[in-house]
Every structure is written in C-alpha cells, then in structure tokens.
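What's in upload_10.txt: compact mmCIF, C-alpha atoms and all ligand atoms
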```
# COMPACT_ATOMS: atom_id res chain seq x y z
CA MET A 1 -22.16 -14.15 -66.28
CA ASN A 2 -21.99 -10.39 -65.83
CA LEU A 3 -19.89 -9.66 -62.76
CA LEU A 4 -19.58 -6.46 -60.75
CA VAL A 5 -16.29 -6.33 -58.84
CA THR A 6 -16.09 -3.52 -56.27
CA GLY A 7 -12.64 -2.21 -55.35
CA GLY A 8 -11.13 -3.72 -58.48
CA ALA A 9 -8.35 -1.11 -58.65
CA GLY A 10 -6.96 -2.18 -55.28
CA PHE A 11 -4.49 -4.92 -54.45
CA ILE A 12 -6.66 -8.06 -54.40
CA GLY A 13 -9.27 -6.50 -56.69
CA SER A 14 -6.82 -5.82 -59.53
CA ASN A 15 -5.39 -9.34 -59.31
CA LEU A 16 -8.94 -10.73 -59.33
CA VAL A 17 -10.13 -8.56 -62.23
CA ARG A 18 -7.08 -9.58 -64.31
CA HIS A 19 -7.69 -13.25 -63.49
CA LEU A 20 -11.40 -13.09 -64.38
CA VAL A 21 -10.98 -11.02 -67.56
CA ARG A 22 -8.29 -13.35 -68.87
CA THR A 23 -9.66 -16.73 -67.86
CA ARG A 24 -13.37 -16.08 -68.51
CA PRO A 25 -13.61 -14.39 -71.92
CA GLY A 26 -17.31 -15.33 -72.08
CA ASP A 27 -18.05 -13.33 -68.93
CA ARG A 28 -18.21 -9.56 -68.57
CA VAL A 29 -16.35 -7.88 -65.71
CA VAL A 30 -17.43 -4.42 -64.54
CA ASN A 31 -15.08 -2.84 -62.02
CA VAL A 32 -16.43 -0.06 -59.81
CA ASP A 33 -13.85 1.79 -57.73
CA LYS A 34 -13.63 5.22 -56.13
CA LEU A 35 -9.85 5.37 -56.70
CA THR A 36 -8.85 6.32 -53.17
CA TYR A 37 -5.13 6.46 -52.34
CA ALA A 38 -5.21 2.63 -52.50
CA GLY A 39 -6.84 2.40 -55.94
CA ASN A 40 -4.58 2.54 -58.97
CA LEU A 41 -5.60 2.07 -62.60
CA ARG A 42 -1.96 1.37 -63.53
CA SER A 43 -2.51 -1.99 -61.85
CA LEU A 44 -4.94 -2.87 -64.65
CA ALA A 45 -3.19 -1.29 -67.65
CA ASP A 46 -2.76 -4.68 -69.31
CA VAL A 47 -6.50 -5.48 -69.33
CA GLU A 48 -8.06 -2.03 -69.74
CA SER A 49 -8.86 -2.51 -73.42
CA ALA A 50 -10.17 -6.07 -73.13
CA PRO A 51 -13.64 -6.32 -74.74
CA ASN A 52 -15.15 -8.03 -71.67
CA TYR A 53 -13.99 -5.33 -69.22
CA ARG A 54 -15.39 -1.95 -68.15
CA PHE A 55 -14.19 0.45 -65.47
CA VAL A 56 -16.57 2.82 -63.68
CA ARG A 57 -15.30 5.36 -61.22
CA GLY A 58 -17.78 5.49 -58.35
CA ASP A 59 -18.33 5.34 -54.63
CA ILE A 60 -20.04 2.22 -53.28
CA THR A 61 -21.96 4.33 -50.76
CA ASP A 62 -23.84 5.86 -53.72
CA VAL A 63 -26.86 3.56 -53.68
CA ALA A 64 -28.44 5.16 -56.78
CA LEU A 65 -25.29 4.57 -58.84
CA MET A 66 -24.95 0.99 -57.56
CA THR A 67 -28.60 0.24 -58.37
CA ARG A 68 -28.23 1.75 -61.83
CA LEU A 69 -25.08 -0.27 -62.53
CA LEU A 70 -26.68 -3.54 -61.48
CA ALA A 71 -29.59 -2.93 -63.84
CA GLU A 72 -27.66 -1.36 -66.74
CA GLU A 73 -25.13 -4.18 -66.86
CA SER A 74 -27.61 -6.98 -66.01
CA ILE A 75 -25.29 -8.01 -63.22
CA ASP A 76 -25.56 -11.65 -62.11
CA ALA A 77 -23.11 -11.44 -59.23
CA VAL A 78 -21.42 -8.80 -57.09
CA VAL A 79 -17.94 -9.63 -55.80
CA HIS A 80 -17.49 -7.07 -53.06
CA LEU A 81 -13.93 -6.09 -52.15
CA ALA A 82 -14.05 -2.29 -51.92
CA ALA A 83 -12.96 -1.26 -48.45
CA GLU A 84 -10.63 0.78 -46.36
CA SER A 85 -8.21 -2.02 -45.54
CA HIS A 86 -5.26 -0.88 -43.44
CA VAL A 87 -5.33 -1.37 -39.64
CA ASP A 88 -2.83 1.43 -38.92
CA ARG A 89 -4.90 3.95 -40.89
CA SER A 90 -8.03 2.82 -39.03
CA ILE A 91 -6.26 3.63 -35.76
CA LEU A 92 -5.31 7.09 -37.01
CA GLY A 93 -8.79 7.83 -38.44
CA PRO A 94 -11.65 5.32 -38.10
CA GLU A 95 -14.48 7.33 -39.67
CA GLU A 96 -13.76 6.52 -43.31
CA PHE A 97 -13.70 2.83 -42.35
CA LEU A 98 -17.24 3.03 -41.04
CA ARG A 99 -18.39 4.99 -44.08
CA THR A 100 -16.99 2.70 -46.74
CA ASN A 101 -16.94 -0.68 -45.01
CA VAL A 102 -20.28 -0.46 -43.20
CA MET A 103 -22.36 2.10 -45.12
CA GLY A 104 -20.84 1.06 -48.45
CA THR A 105 -21.71 -2.58 -47.90
CA PHE A 106 -25.19 -1.53 -46.77
CA ALA A 107 -25.66 0.52 -49.97
CA LEU A 108 -24.61 -2.41 -52.14
CA LEU A 109 -26.93 -4.78 -50.29
CA GLU A 110 -29.80 -2.34 -50.77
CA ALA A 111 -29.00 -2.06 -54.48
CA ALA A 112 -28.91 -5.86 -54.76
CA ARG A 113 -32.19 -6.24 -52.89
CA ALA A 114 -33.89 -3.68 -55.13
CA THR A 115 -32.56 -5.32 -58.31
CA TRP A 116 -32.77 -9.02 -57.63
CA ARG A 117 -36.42 -9.63 -56.93
CA ASP A 118 -39.45 -10.86 -58.83
CA GLY A 119 -37.71 -14.07 -59.78
CA ARG A 120 -34.48 -12.50 -61.02
CA ARG A 121 -31.62 -13.88 -58.95
CA GLY A 122 -28.13 -12.68 -58.33
CA ARG A 123 -25.34 -13.67 -56.00
CA PHE A 124 -23.55 -11.40 -53.51
CA LEU A 125 -20.06 -12.54 -52.56
CA HIS A 126 -18.67 -10.58 -49.65
CA VAL A 127 -14.89 -10.64 -49.22
CA SER A 128 -13.96 -10.33 -45.56
CA THR A 129 -11.02 -11.00 -43.29
CA ASP A 130 -9.87 -13.36 -40.55
CA GLU A 131 -9.30 -10.28 -38.36
CA VAL A 132 -13.01 -10.30 -37.39
CA PHE A 133 -12.24 -13.28 -35.11
CA GLY A 134 -9.77 -11.33 -32.96
CA SER A 135 -6.51 -12.68 -31.60
CA LEU A 136 -5.38 -16.27 -30.90
CA GLY A 137 -3.01 -17.59 -28.24
CA ASP A 138 -0.18 -19.95 -29.11
CA THR A 139 -2.45 -22.75 -30.35
CA GLY A 140 -5.66 -23.27 -32.32
CA ALA A 141 -7.03 -21.77 -35.51
CA PHE A 142 -10.12 -19.82 -36.56
CA THR A 143 -12.97 -21.94 -37.89
CA GLU A 144 -16.22 -20.66 -39.41
CA GLU A 145 -17.78 -21.18 -35.94
CA THR A 146 -15.27 -19.02 -34.03
CA PRO A 147 -17.15 -16.14 -32.33
CA TYR A 148 -16.47 -12.67 -33.67
CA ALA A 149 -14.17 -10.54 -31.47
CA PRO A 150 -12.77 -7.71 -33.62
CA ASN A 151 -10.11 -5.56 -31.95
CA SER A 152 -9.33 -2.70 -34.36
CA PRO A 153 -11.63 -0.14 -35.97
CA TYR A 154 -10.80 -1.87 -39.28
CA SER A 155 -11.80 -5.34 -38.12
CA ALA A 156 -14.84 -3.99 -36.27
CA SER A 157 -16.06 -2.30 -39.45
CA LYS A 158 -15.51 -5.52 -41.44
CA ALA A 159 -17.33 -7.51 -38.75
CA ALA A 160 -20.27 -5.11 -38.95
CA SER A 161 -20.41 -5.55 -42.72
CA ASP A 162 -20.31 -9.35 -42.37
CA HIS A 163 -23.30 -9.20 -40.02
CA LEU A 164 -25.26 -7.03 -42.46
CA VAL A 165 -24.56 -9.47 -45.29
CA ARG A 166 -25.75 -12.36 -43.13
CA ALA A 167 -28.90 -10.45 -42.16
CA TYR A 168 -29.81 -9.74 -45.81
CA CYS A 169 -29.76 -13.47 -46.47
CA HIS A 170 -31.89 -14.37 -43.45
CA THR A 171 -34.33 -11.49 -43.75
CA TYR A 172 -34.65 -10.89 -47.48
CA GLY A 173 -33.48 -14.21 -48.91
CA LEU A 174 -30.56 -12.63 -50.78
CA ASP A 175 -28.15 -15.23 -52.17
CA VAL A 176 -25.02 -14.31 -50.19
CA VAL A 177 -21.71 -16.01 -49.45
CA THR A 178 -18.91 -14.59 -47.29
CA THR A 179 -15.21 -15.42 -47.31
CA ASN A 180 -12.86 -14.70 -44.40
CA CYS A 181 -9.29 -14.70 -45.58
CA SER A 182 -5.87 -14.38 -43.95
CA ASN A 183 -3.11 -11.89 -44.91
CA ASN A 184 -2.52 -11.68 -48.65
CA TYR A 185 0.74 -10.81 -50.34
CA GLY A 186 1.87 -10.52 -53.94
CA PRO A 187 2.06 -8.02 -56.82
CA TYR A 188 0.23 -4.66 -56.72
CA GLN A 189 -0.07 -4.39 -52.92
CA PHE A 190 0.14 -0.80 -51.68
CA PRO A 191 3.41 -0.20 -49.81
CA GLU A 192 1.77 0.48 -46.45
CA LYS A 193 1.33 -3.23 -45.69
CA LEU A 194 4.17 -5.24 -44.17
CA ILE A 195 5.72 -7.01 -47.16
CA PRO A 196 5.75 -4.26 -49.84
CA LEU A 197 6.72 -1.65 -47.24
CA MET A 198 9.73 -3.73 -46.21
CA ILE A 199 10.72 -4.33 -49.86
CA LEU A 200 10.50 -0.59 -50.57
CA ASN A 201 12.53 0.40 -47.51
CA ALA A 202 15.11 -2.37 -47.94
CA ARG A 203 15.65 -1.28 -51.53
CA GLY A 204 16.22 2.30 -50.39
CA GLY A 205 18.49 1.36 -47.46
CA LYS A 206 15.90 2.73 -45.00
CA PRO A 207 15.03 1.34 -41.53
CA LEU A 208 12.67 -1.69 -41.52
CA PRO A 209 10.17 -0.86 -38.73
CA VAL A 210 9.16 -4.04 -36.89
CA TYR A 211 6.35 -3.43 -34.39
CA GLY A 212 6.79 -4.55 -30.77
CA ASP A 213 8.86 -7.70 -30.28
CA GLY A 214 8.28 -8.90 -33.88
CA LEU A 215 6.77 -12.16 -32.61
CA ASN A 216 3.20 -11.54 -33.81
CA VAL A 217 2.10 -14.31 -36.15
CA ARG A 218 0.16 -13.98 -39.39
CA ASP A 219 -0.95 -16.61 -41.92
CA TRP A 220 0.17 -15.57 -45.41
CA LEU A 221 -1.69 -16.40 -48.62
CA TYR A 222 -0.42 -15.60 -52.11
CA VAL A 223 -2.95 -13.31 -53.81
CA GLN A 224 -3.40 -15.60 -56.84
CA ASP A 225 -4.49 -18.39 -54.49
CA HIS A 226 -7.03 -16.02 -52.93
CA CYS A 227 -8.41 -15.07 -56.36
CA GLU A 228 -8.93 -18.72 -57.23
CA ALA A 229 -10.62 -19.32 -53.87
CA ILE A 230 -12.99 -16.39 -54.48
CA GLU A 231 -13.85 -17.78 -57.92
CA THR A 232 -14.50 -21.21 -56.43
CA VAL A 233 -16.84 -19.82 -53.77
CA LEU A 234 -18.60 -17.65 -56.35
CA GLU A 235 -19.32 -20.71 -58.47
CA ARG A 236 -20.03 -23.36 -55.88
CA GLY A 237 -20.29 -21.85 -52.39
CA ARG A 238 -23.55 -22.64 -50.60
CA THR A 239 -25.95 -19.75 -50.04
CA GLY A 240 -25.71 -18.19 -46.59
CA GLU A 241 -22.44 -19.97 -45.76
CA THR A 242 -19.10 -18.50 -44.81
CA TYR A 243 -15.76 -19.95 -45.89
CA ASN A 244 -12.40 -19.43 -44.21
CA ILE A 245 -9.49 -19.08 -46.63
CA GLY A 246 -5.88 -19.48 -45.53
CA GLY A 247 -2.43 -20.33 -46.76
CA ASN A 248 -1.21 -22.84 -44.15
CA ASN A 249 1.74 -20.47 -43.87
CA GLU A 250 2.00 -19.15 -40.34
CA ARG A 251 5.04 -16.94 -39.86
CA ARG A 252 6.33 -14.62 -37.14
CA ASN A 253 6.77 -11.07 -38.46
CA ILE A 254 10.47 -11.03 -37.67
CA ASP A 255 10.94 -14.24 -39.68
CA VAL A 256 9.11 -12.73 -42.66
CA VAL A 257 11.32 -9.64 -42.54
CA THR A 258 14.61 -11.54 -42.18
CA ALA A 259 13.66 -13.93 -45.02
CA LEU A 260 12.86 -10.91 -47.14
CA CYS A 261 16.21 -9.26 -46.33
CA ASP A 262 18.08 -12.43 -47.29
CA LEU A 263 16.16 -12.78 -50.58
CA MET A 264 16.88 -9.13 -51.42
CA ASP A 265 20.59 -9.67 -50.72
CA GLU A 266 20.44 -12.66 -53.03
CA ALA A 267 18.64 -10.73 -55.78
CA LEU A 268 20.60 -7.45 -55.58
CA GLY A 269 23.86 -8.47 -53.90
CA VAL A 270 24.93 -7.55 -50.37
CA GLU A 271 25.51 -3.79 -49.98
CA PRO A 272 28.93 -2.47 -48.94
CA ALA A 273 27.37 -1.41 -45.59
CA GLY A 274 26.44 -5.07 -44.89
CA PRO A 275 23.50 -7.48 -45.20
CA ARG A 276 20.03 -5.88 -45.26
CA ARG A 277 19.16 -7.48 -41.91
CA ARG A 278 21.12 -4.58 -40.41
CA LEU A 279 18.21 -2.30 -41.33
CA ILE A 280 15.74 -4.09 -39.01
CA THR A 281 14.58 -1.61 -36.37
CA TYR A 282 12.19 -2.49 -33.55
CA VAL A 283 9.68 0.32 -33.01
CA LYS A 284 6.83 1.02 -30.59
CA ASP A 285 4.01 -1.49 -30.99
CA ARG A 286 0.73 -0.88 -32.81
CA PRO A 287 -2.02 -0.18 -30.20
CA GLY A 288 -4.22 -3.26 -29.64
CA HIS A 289 -1.93 -5.34 -31.90
CA ASP A 290 -3.46 -8.82 -32.42
CA ARG A 291 -0.91 -11.46 -31.44
CA ARG A 292 -1.69 -14.34 -33.72
CA TYR A 293 -4.01 -15.27 -36.59
CA ALA A 294 -4.35 -18.80 -37.96
CA ILE A 295 -6.95 -20.24 -40.31
CA ASP A 296 -8.54 -23.66 -40.37
CA ALA A 297 -9.40 -23.87 -44.08
CA SER A 298 -10.71 -27.44 -43.98
CA LYS A 299 -14.31 -26.47 -44.86
CA ILE A 300 -13.47 -24.94 -48.25
CA ARG A 301 -11.14 -27.86 -49.00
CA ARG A 302 -13.70 -30.47 -48.02
CA GLU A 303 -16.77 -28.85 -49.61
CA LEU A 304 -15.33 -27.08 -52.64
CA GLY A 305 -11.96 -28.74 -53.22
CA TRP A 306 -9.92 -25.52 -52.96
CA GLU A 307 -6.38 -25.57 -51.59
CA PRO A 308 -3.55 -23.04 -51.81
CA ARG A 309 -0.96 -23.80 -54.49
CA PHE A 310 1.90 -21.48 -53.50
CA VAL A 311 4.34 -22.15 -50.70
CA PHE A 312 5.45 -19.03 -48.88
CA GLU A 313 9.13 -18.99 -49.88
CA GLN A 314 8.22 -19.34 -53.58
CA GLY A 315 5.52 -16.64 -53.34
CA LEU A 316 7.83 -14.28 -51.47
CA ARG A 317 10.58 -14.75 -54.04
CA GLU A 318 8.15 -13.99 -56.89
CA THR A 319 6.75 -10.98 -55.04
CA ILE A 320 10.21 -9.46 -54.49
CA ARG A 321 11.07 -10.05 -58.15
CA TRP A 322 7.83 -8.34 -59.19
CA TYR A 323 8.49 -5.23 -57.07
CA LEU A 324 12.09 -5.00 -58.29
CA ASP A 325 10.88 -5.24 -61.89
CA HIS A 326 8.07 -2.67 -61.38
CA GLN A 327 9.84 0.26 -59.76
CA GLU A 328 7.67 2.71 -61.72
CA TRP A 329 4.48 1.23 -60.19
CA LEU A 330 5.97 1.58 -56.72
CA GLU A 331 7.26 5.12 -57.34
CA ALA A 332 3.76 6.20 -58.44
CA CYS A 333 2.45 5.31 -54.95
CA LEU A 334 4.93 7.60 -53.22
CA ASP A 335 3.20 10.96 -53.45
CA GLY A 336 2.79 13.63 -50.78
CA SER A 337 -0.11 11.84 -49.10
CA TYR A 338 2.06 8.73 -48.71
CA ARG A 339 4.83 10.71 -47.05
CA GLU A 340 2.30 12.42 -44.79
CA TYR A 341 0.83 9.07 -43.73
CA TYR A 342 4.30 7.59 -43.19
CA GLU A 343 5.35 10.45 -40.96
CA ARG A 344 2.11 10.31 -38.95
CA ASN A 345 2.19 6.56 -38.40
CA TYR A 346 5.88 5.95 -37.90
CA GLY A 347 6.68 9.32 -36.29
CA GLU A 348 4.56 8.20 -33.33
CA LYS A 349 6.44 4.92 -33.06
CA ARG A 350 10.00 6.22 -32.77
P1 LIG B 1 -6.95 -2.21 -50.98
O1 LIG B 1 -6.93 -1.18 -49.90
O2 LIG B 1 -5.69 -2.50 -51.72
O3 LIG B 1 -8.03 -1.81 -52.08
C1 LIG B 1 -9.28 -1.30 -51.75
C2 LIG B 1 -9.92 -0.73 -53.02
O4 LIG B 1 -11.23 -0.26 -52.69
C3 LIG B 1 -9.15 0.45 -53.61
O5 LIG B 1 -9.02 0.31 -55.01
C4 LIG B 1 -10.03 1.67 -53.28
O6 LIG B 1 -9.93 2.71 -54.24
C5 LIG B 1 -11.42 1.03 -53.28
N1 LIG B 1 -12.36 1.79 -52.45
C6 LIG B 1 -12.18 2.25 -51.18
N2 LIG B 1 -13.27 2.91 -50.76
C7 LIG B 1 -14.16 2.85 -51.79
C8 LIG B 1 -15.48 3.34 -51.96
N3 LIG B 1 -16.11 4.04 -50.98
N4 LIG B 1 -16.12 3.09 -53.12
C9 LIG B 1 -15.51 2.41 -54.12
N5 LIG B 1 -14.25 1.94 -54.02
C10 LIG B 1 -13.58 2.15 -52.86
O7 LIG B 1 -7.56 -3.51 -50.31
P2 LIG B 1 -7.20 -5.06 -50.56
O8 LIG B 1 -6.04 -5.42 -49.71
O9 LIG B 1 -7.20 -5.35 -52.00
O10 LIG B 1 -8.47 -5.74 -49.90
C11 LIG B 1 -9.65 -5.97 -50.64
C12 LIG B 1 -10.70 -6.60 -49.76
O11 LIG B 1 -10.20 -7.81 -49.21
C13 LIG B 1 -11.10 -5.74 -48.55
O12 LIG B 1 -12.49 -5.85 -48.37
C14 LIG B 1 -10.34 -6.35 -47.39
O13 LIG B 1 -11.02 -6.15 -46.17
C15 LIG B 1 -10.30 -7.81 -47.80
N6 LIG B 1 -9.16 -8.59 -47.29
C16 LIG B 1 -7.88 -8.15 -47.50
C17 LIG B 1 -6.81 -8.91 -47.05
C18 LIG B 1 -5.38 -8.48 -47.29
O14 LIG B 1 -4.46 -9.12 -46.75
N7 LIG B 1 -5.11 -7.48 -48.09
C19 LIG B 1 -7.05 -10.11 -46.36
C20 LIG B 1 -8.37 -10.53 -46.17
C21 LIG B 1 -9.42 -9.75 -46.64
P1 LIG B 2 -0.19 -5.56 -42.06
O1 LIG B 2 0.46 -5.85 -43.36
O2 LIG B 2 -0.53 -4.15 -41.72
O3 LIG B 2 -1.47 -6.51 -41.97
P2 LIG B 2 -2.48 -6.79 -40.70
O4 LIG B 2 -2.24 -5.81 -39.63
O5 LIG B 2 -3.80 -6.60 -41.35
O6 LIG B 2 -2.19 -8.20 -40.29
O7 LIG B 2 0.76 -6.10 -40.90
C1 LIG B 2 1.15 -7.46 -40.84
C2 LIG B 2 1.92 -7.64 -39.54
O8 LIG B 2 3.14 -6.88 -39.62
C3 LIG B 2 1.19 -7.11 -38.32
O9 LIG B 2 1.45 -7.98 -37.21
C4 LIG B 2 1.80 -5.74 -38.07
C5 LIG B 2 3.22 -5.92 -38.57
N1 LIG B 2 3.86 -4.70 -39.14
C6 LIG B 2 5.12 -4.30 -38.68
O10 LIG B 2 5.73 -4.92 -37.79
N2 LIG B 2 5.68 -3.18 -39.24
C7 LIG B 2 5.05 -2.45 -40.20
O11 LIG B 2 5.60 -1.41 -40.65
C8 LIG B 2 3.77 -2.90 -40.68
C9 LIG B 2 3.04 -2.13 -41.75
C10 LIG B 2 3.21 -4.03 -40.13
```

What does the file become when written as structure tokens?
Ligand code: NAD
Ligand code: TYD
Amino acid sequence: MNLLVTGGAGFIGSNLVRHLVRTRPGDRVVNVDKLTYAGNLRSLADVESAPNYRFVRGDITDVALMTRLLAEESIDAVVHLAAESHVDRSILGPEEFLRTNVMGTFALLEAARATWRDGRRGRFLHVSTDEVFGSLGDTGAFTEETPYAPNSPYSASKAASDHLVRAYCHTYGLDVVTTNCSNNYGPYQFPEKLIPLMILNARGGKPLPVYGDGLNVRDWLYVQDHCEAIETVLERGRTGETYNIGGNNERRNIDVVTALCDLMDEALGVEPAGPRRRLITYVKDRPGHDRRYAIDASKIRRELGWEPRFVFEQGLRETIRWYLDHQEWLEACLDGSYREYYERNYGEKR
C-alpha cells in the first residue's frame, strides 16, 4: 500500500510514521505536514532516510497540492492526523482550529473524492478524539452511539470534521473510517500537554500548574497502543463505522501529577529542597473544563481484536525515561513562541 499520513511530524503522527516505516517495509509512507509549532522533523530523524519514506512540507488546506500528492504517489489510503490539537490554544485563538481542522479535512476529502473514482478505490481514515462527546459525570463511558456535545473550540472543530467525513461516505460513497481516541501520552509529545509539561517543569524545579481542583478525570492511552489501533482499523475497520479507542486507564489529574513527581524523584533523586510534590500549584481553572472522559472500547475489541498493551504506570515510567534521555529534543521546543504561549496561558491563571 501507498499511505499518506497527514500531520506526521506531530506527536502521534511521528510515532505512527516510525511504526509504519519500520514494520511495513513493503509499504510506502508519505508524510505531509505544514510544520507548525507542533511539527518537528527531529522526531523522525531516525527514519528520514528509509527508502519507503518521503516527507512533503505542505498545508492540508491546499486542495491542489493534496490532489496532486494523491495522484503522484498513487495513494491507497489517507491516515489523517494533521490538526491544531491543544484545547488551551483553541481558547486563546480558535480561528486556526477552524481553518486546519474543518477546512483542512474538507480539502482532503475533496482531494480524495476527485482521485478515487472511476473504479479506483482508496480508504480515508480520520483520527479524531473522545472530546467530541463532551463531559461525563461520575459514571458511564462514551460509546460510538453517544451523542456529540463538544465544549471547546478544539472539540467543536474536531466534531465538525467528523461530520464532514461521515457525510462524504453517505453522499459520495467514500470509503471512510473514523477513530475517537482518549488522551495519548508517550515520547515526542509537545510540552504544552499535561504530562510532558509537568516533566519539563519538574525537571527545572518550576511550579506544576494543576487546573481547578485537580479532580478532572482523563483516560490515558500509551501512544504506541494508539498507533497499533489505527493500523488495525486501517486494515480491517468496516466502511462508514467509527471506533472508540481507549486505555482503560482513568486517572484524576492530581493523581497523574503526583505519580509523575514520585517517579521523577525515583529517577533523579529527591532534591535538597524536598520531594517534587512540593512544586504542585493549583491555578485558576481552564474555562469550560470538561470534568471527565471515559471510553468504552468494547467495539474495537469485539470486532477487530484490538486491546491496549501498556498499563499506565509502565507507560508513564517509560515516558519519563524518554524525556530525561532526550533533553535536546525538549530544549528545541522551547523557543520564543513557546515562552510567549506559556506566559499568555498561565499568566491568566495566576
Ligand atoms: P500535534 O499537535 O502533536 O501534531 C499535529 C501535527 O499536524 C503537527 O505536526 C503540525 O505541524 C501538523 N499540522 C497542523 N496544521 C497543519 C496543516 N494545516 N497542514 C498540515 N499539517 C498541519 O497533534 P497530536 O497530538 O499528534 O494529534 C494528532 C491527531 O490526533 C489530531 O487530529 C488530534 O485531534 C488527534 N487526537 C489526539 C489525541 C492526543 O491525546 N494527543 C487524542 C485523540 C485524538
Ligand atoms: P491536556 O493534556 O491539555 O489534554 P486535554 O485537555 O485534551 O484532555 O490536559 C489534560 C488534563 O490536564 C486536562 O484536564 C487539563 C489538565 N491540565 C492541567 O491541570 N494543567 C496543565 O498545565 C495542563 C496543560 C493541563
């Protein structure tokens, strides 16, 4: 197969590209990415010269470029991850989220529709999030039938893109599948998201900003598990279906952060000033902060036989080790635009 991965220089995308390039030498992987602040070619340095890999710098909203790439590379499947992905940034500035997540997905669907006709078939796998379902109370879990109720500009833009993907299947017969996944963690995640941000700050002895009361719950999935789930759905998912993907690892934010502090103490030794838990600082809550997410992943297990392999404590330990061993990767993220974002987001929460 010839695969087009969008957003392959991002967190999940780079883990997926590496996985596909290494485990499927008979397939060709083309990675198209605009290289926004979140895209980083250093994340793919170890596969960049593989014979079955090509990188193209491009914007997914450029329908002419997307159409040309699909034809030029005889693409059999698009695995669509490119997006603006951070809730806090969507609160500070929603417009780019609509442009990339909605118009970008639309452009790709148009390119696919123009290319895959007259008997030539291709598959469009759309990678989405559990955040489209909104917020849960203390019990229950999102199933594929849960009504959409997005609460942030980010989740609303992802929900819109999911609806477009669905419509292209019903209206034009495009072979689409959508996955809705819970919070990922692991190597190469940009240090604006909870886990890498806390690792970075804990390493530097800086405050660990926990939003609100710290009791919001997320389900955490190790990124390698997500990559294998995406591959499974790509190969065997049923056309027009959606699949929820989760880690069976529900944790309160405060418990994630304290576990992380303890693992860092274990890895680096307790500092003279005291255990790293001392750095935990409660700050003003994120506006519209969803209370709890939980995934019922029984459909993908039952139909496709996928299950997560990593337990959270093991994954967290490996993630911390990775960040400690890759300081140069982390440092490269910390440019002026990072500091500007940090000040804007956290300055308001003091
Ligand atoms: P990320 O922010 O780390 O990476 C996004 C990538 O998309 C970057 O490389 C960026 O350069 C690229 N990109 C952005 N705009 C682009 C454009 N207009 N054209 C081309 N490339 C562009 O995101 P991630 O965490 O890897 O998430 C990937 C996908 O998975 C997203 O669609 C996200 O909604 C979804 N998802 C993420 C999570 C999570 O926990 N991270 C969970 C569920 C679903
Ligand atoms: P995040 O990694 O931004 O993912 P999402 O909002 O998509 O779930 O945040 C995970 C949880 O951690 C969420 O409940 C918000 C919280 N959080 C903090 O408490 N402090 C922080 O500095 C960040 C970035 C997130």

>> 7 Å from ligand LIG 2 (chain B) is the threshold here; counting all atoms listed in the file, which polymer residues fall inside it? Answer as number ranges by chain.
In response: A: 86-88, 183, 192-195, 197, 209-211, 214, 216-218, 253, 289-290

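With only C-alpha atoms and all ligand atoms as the basis for measurement, A:Met103 is the residue among A:Met103, A:Leu20, A:Leu304, A:Met264 that approaches ligand LIG 1 (chain B) most closely.
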
> Quick one: of A:Gln224, A:Ser74, A:Thr258, A:Asn2, who's nearest to ligand LIG 1 (chain B), counting all atoms listed in the file?
Replying inline: A:Gln224

> Within 6 Å of ligand LIG 1 (chain B), counting only C-alpha atoms and all ligand atoms: which residues, as a PyMOL selection string?
Replying inline: chain A and resi 7-13+33-36+38-39+58-61+81-85+100+127-129+181-184

> Which value, in Å to one decimal, gives the distance between atom CA of A:Phe55 and atom CA of A:Val17?
Replying inline: 10.4 Å

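With only C-alpha atoms as the basis for measurement, A:Thr115 is the residue among A:Thr115, A:Ser298, A:Thr281, A:Asn249 that approaches A:Ala64 most closely.
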
>> For a test of reading the model, state the distance in Å between atom CA of A:Val176 and atom CA of A:Leu44, rounded to one decimal.
In response: 27.3 Å
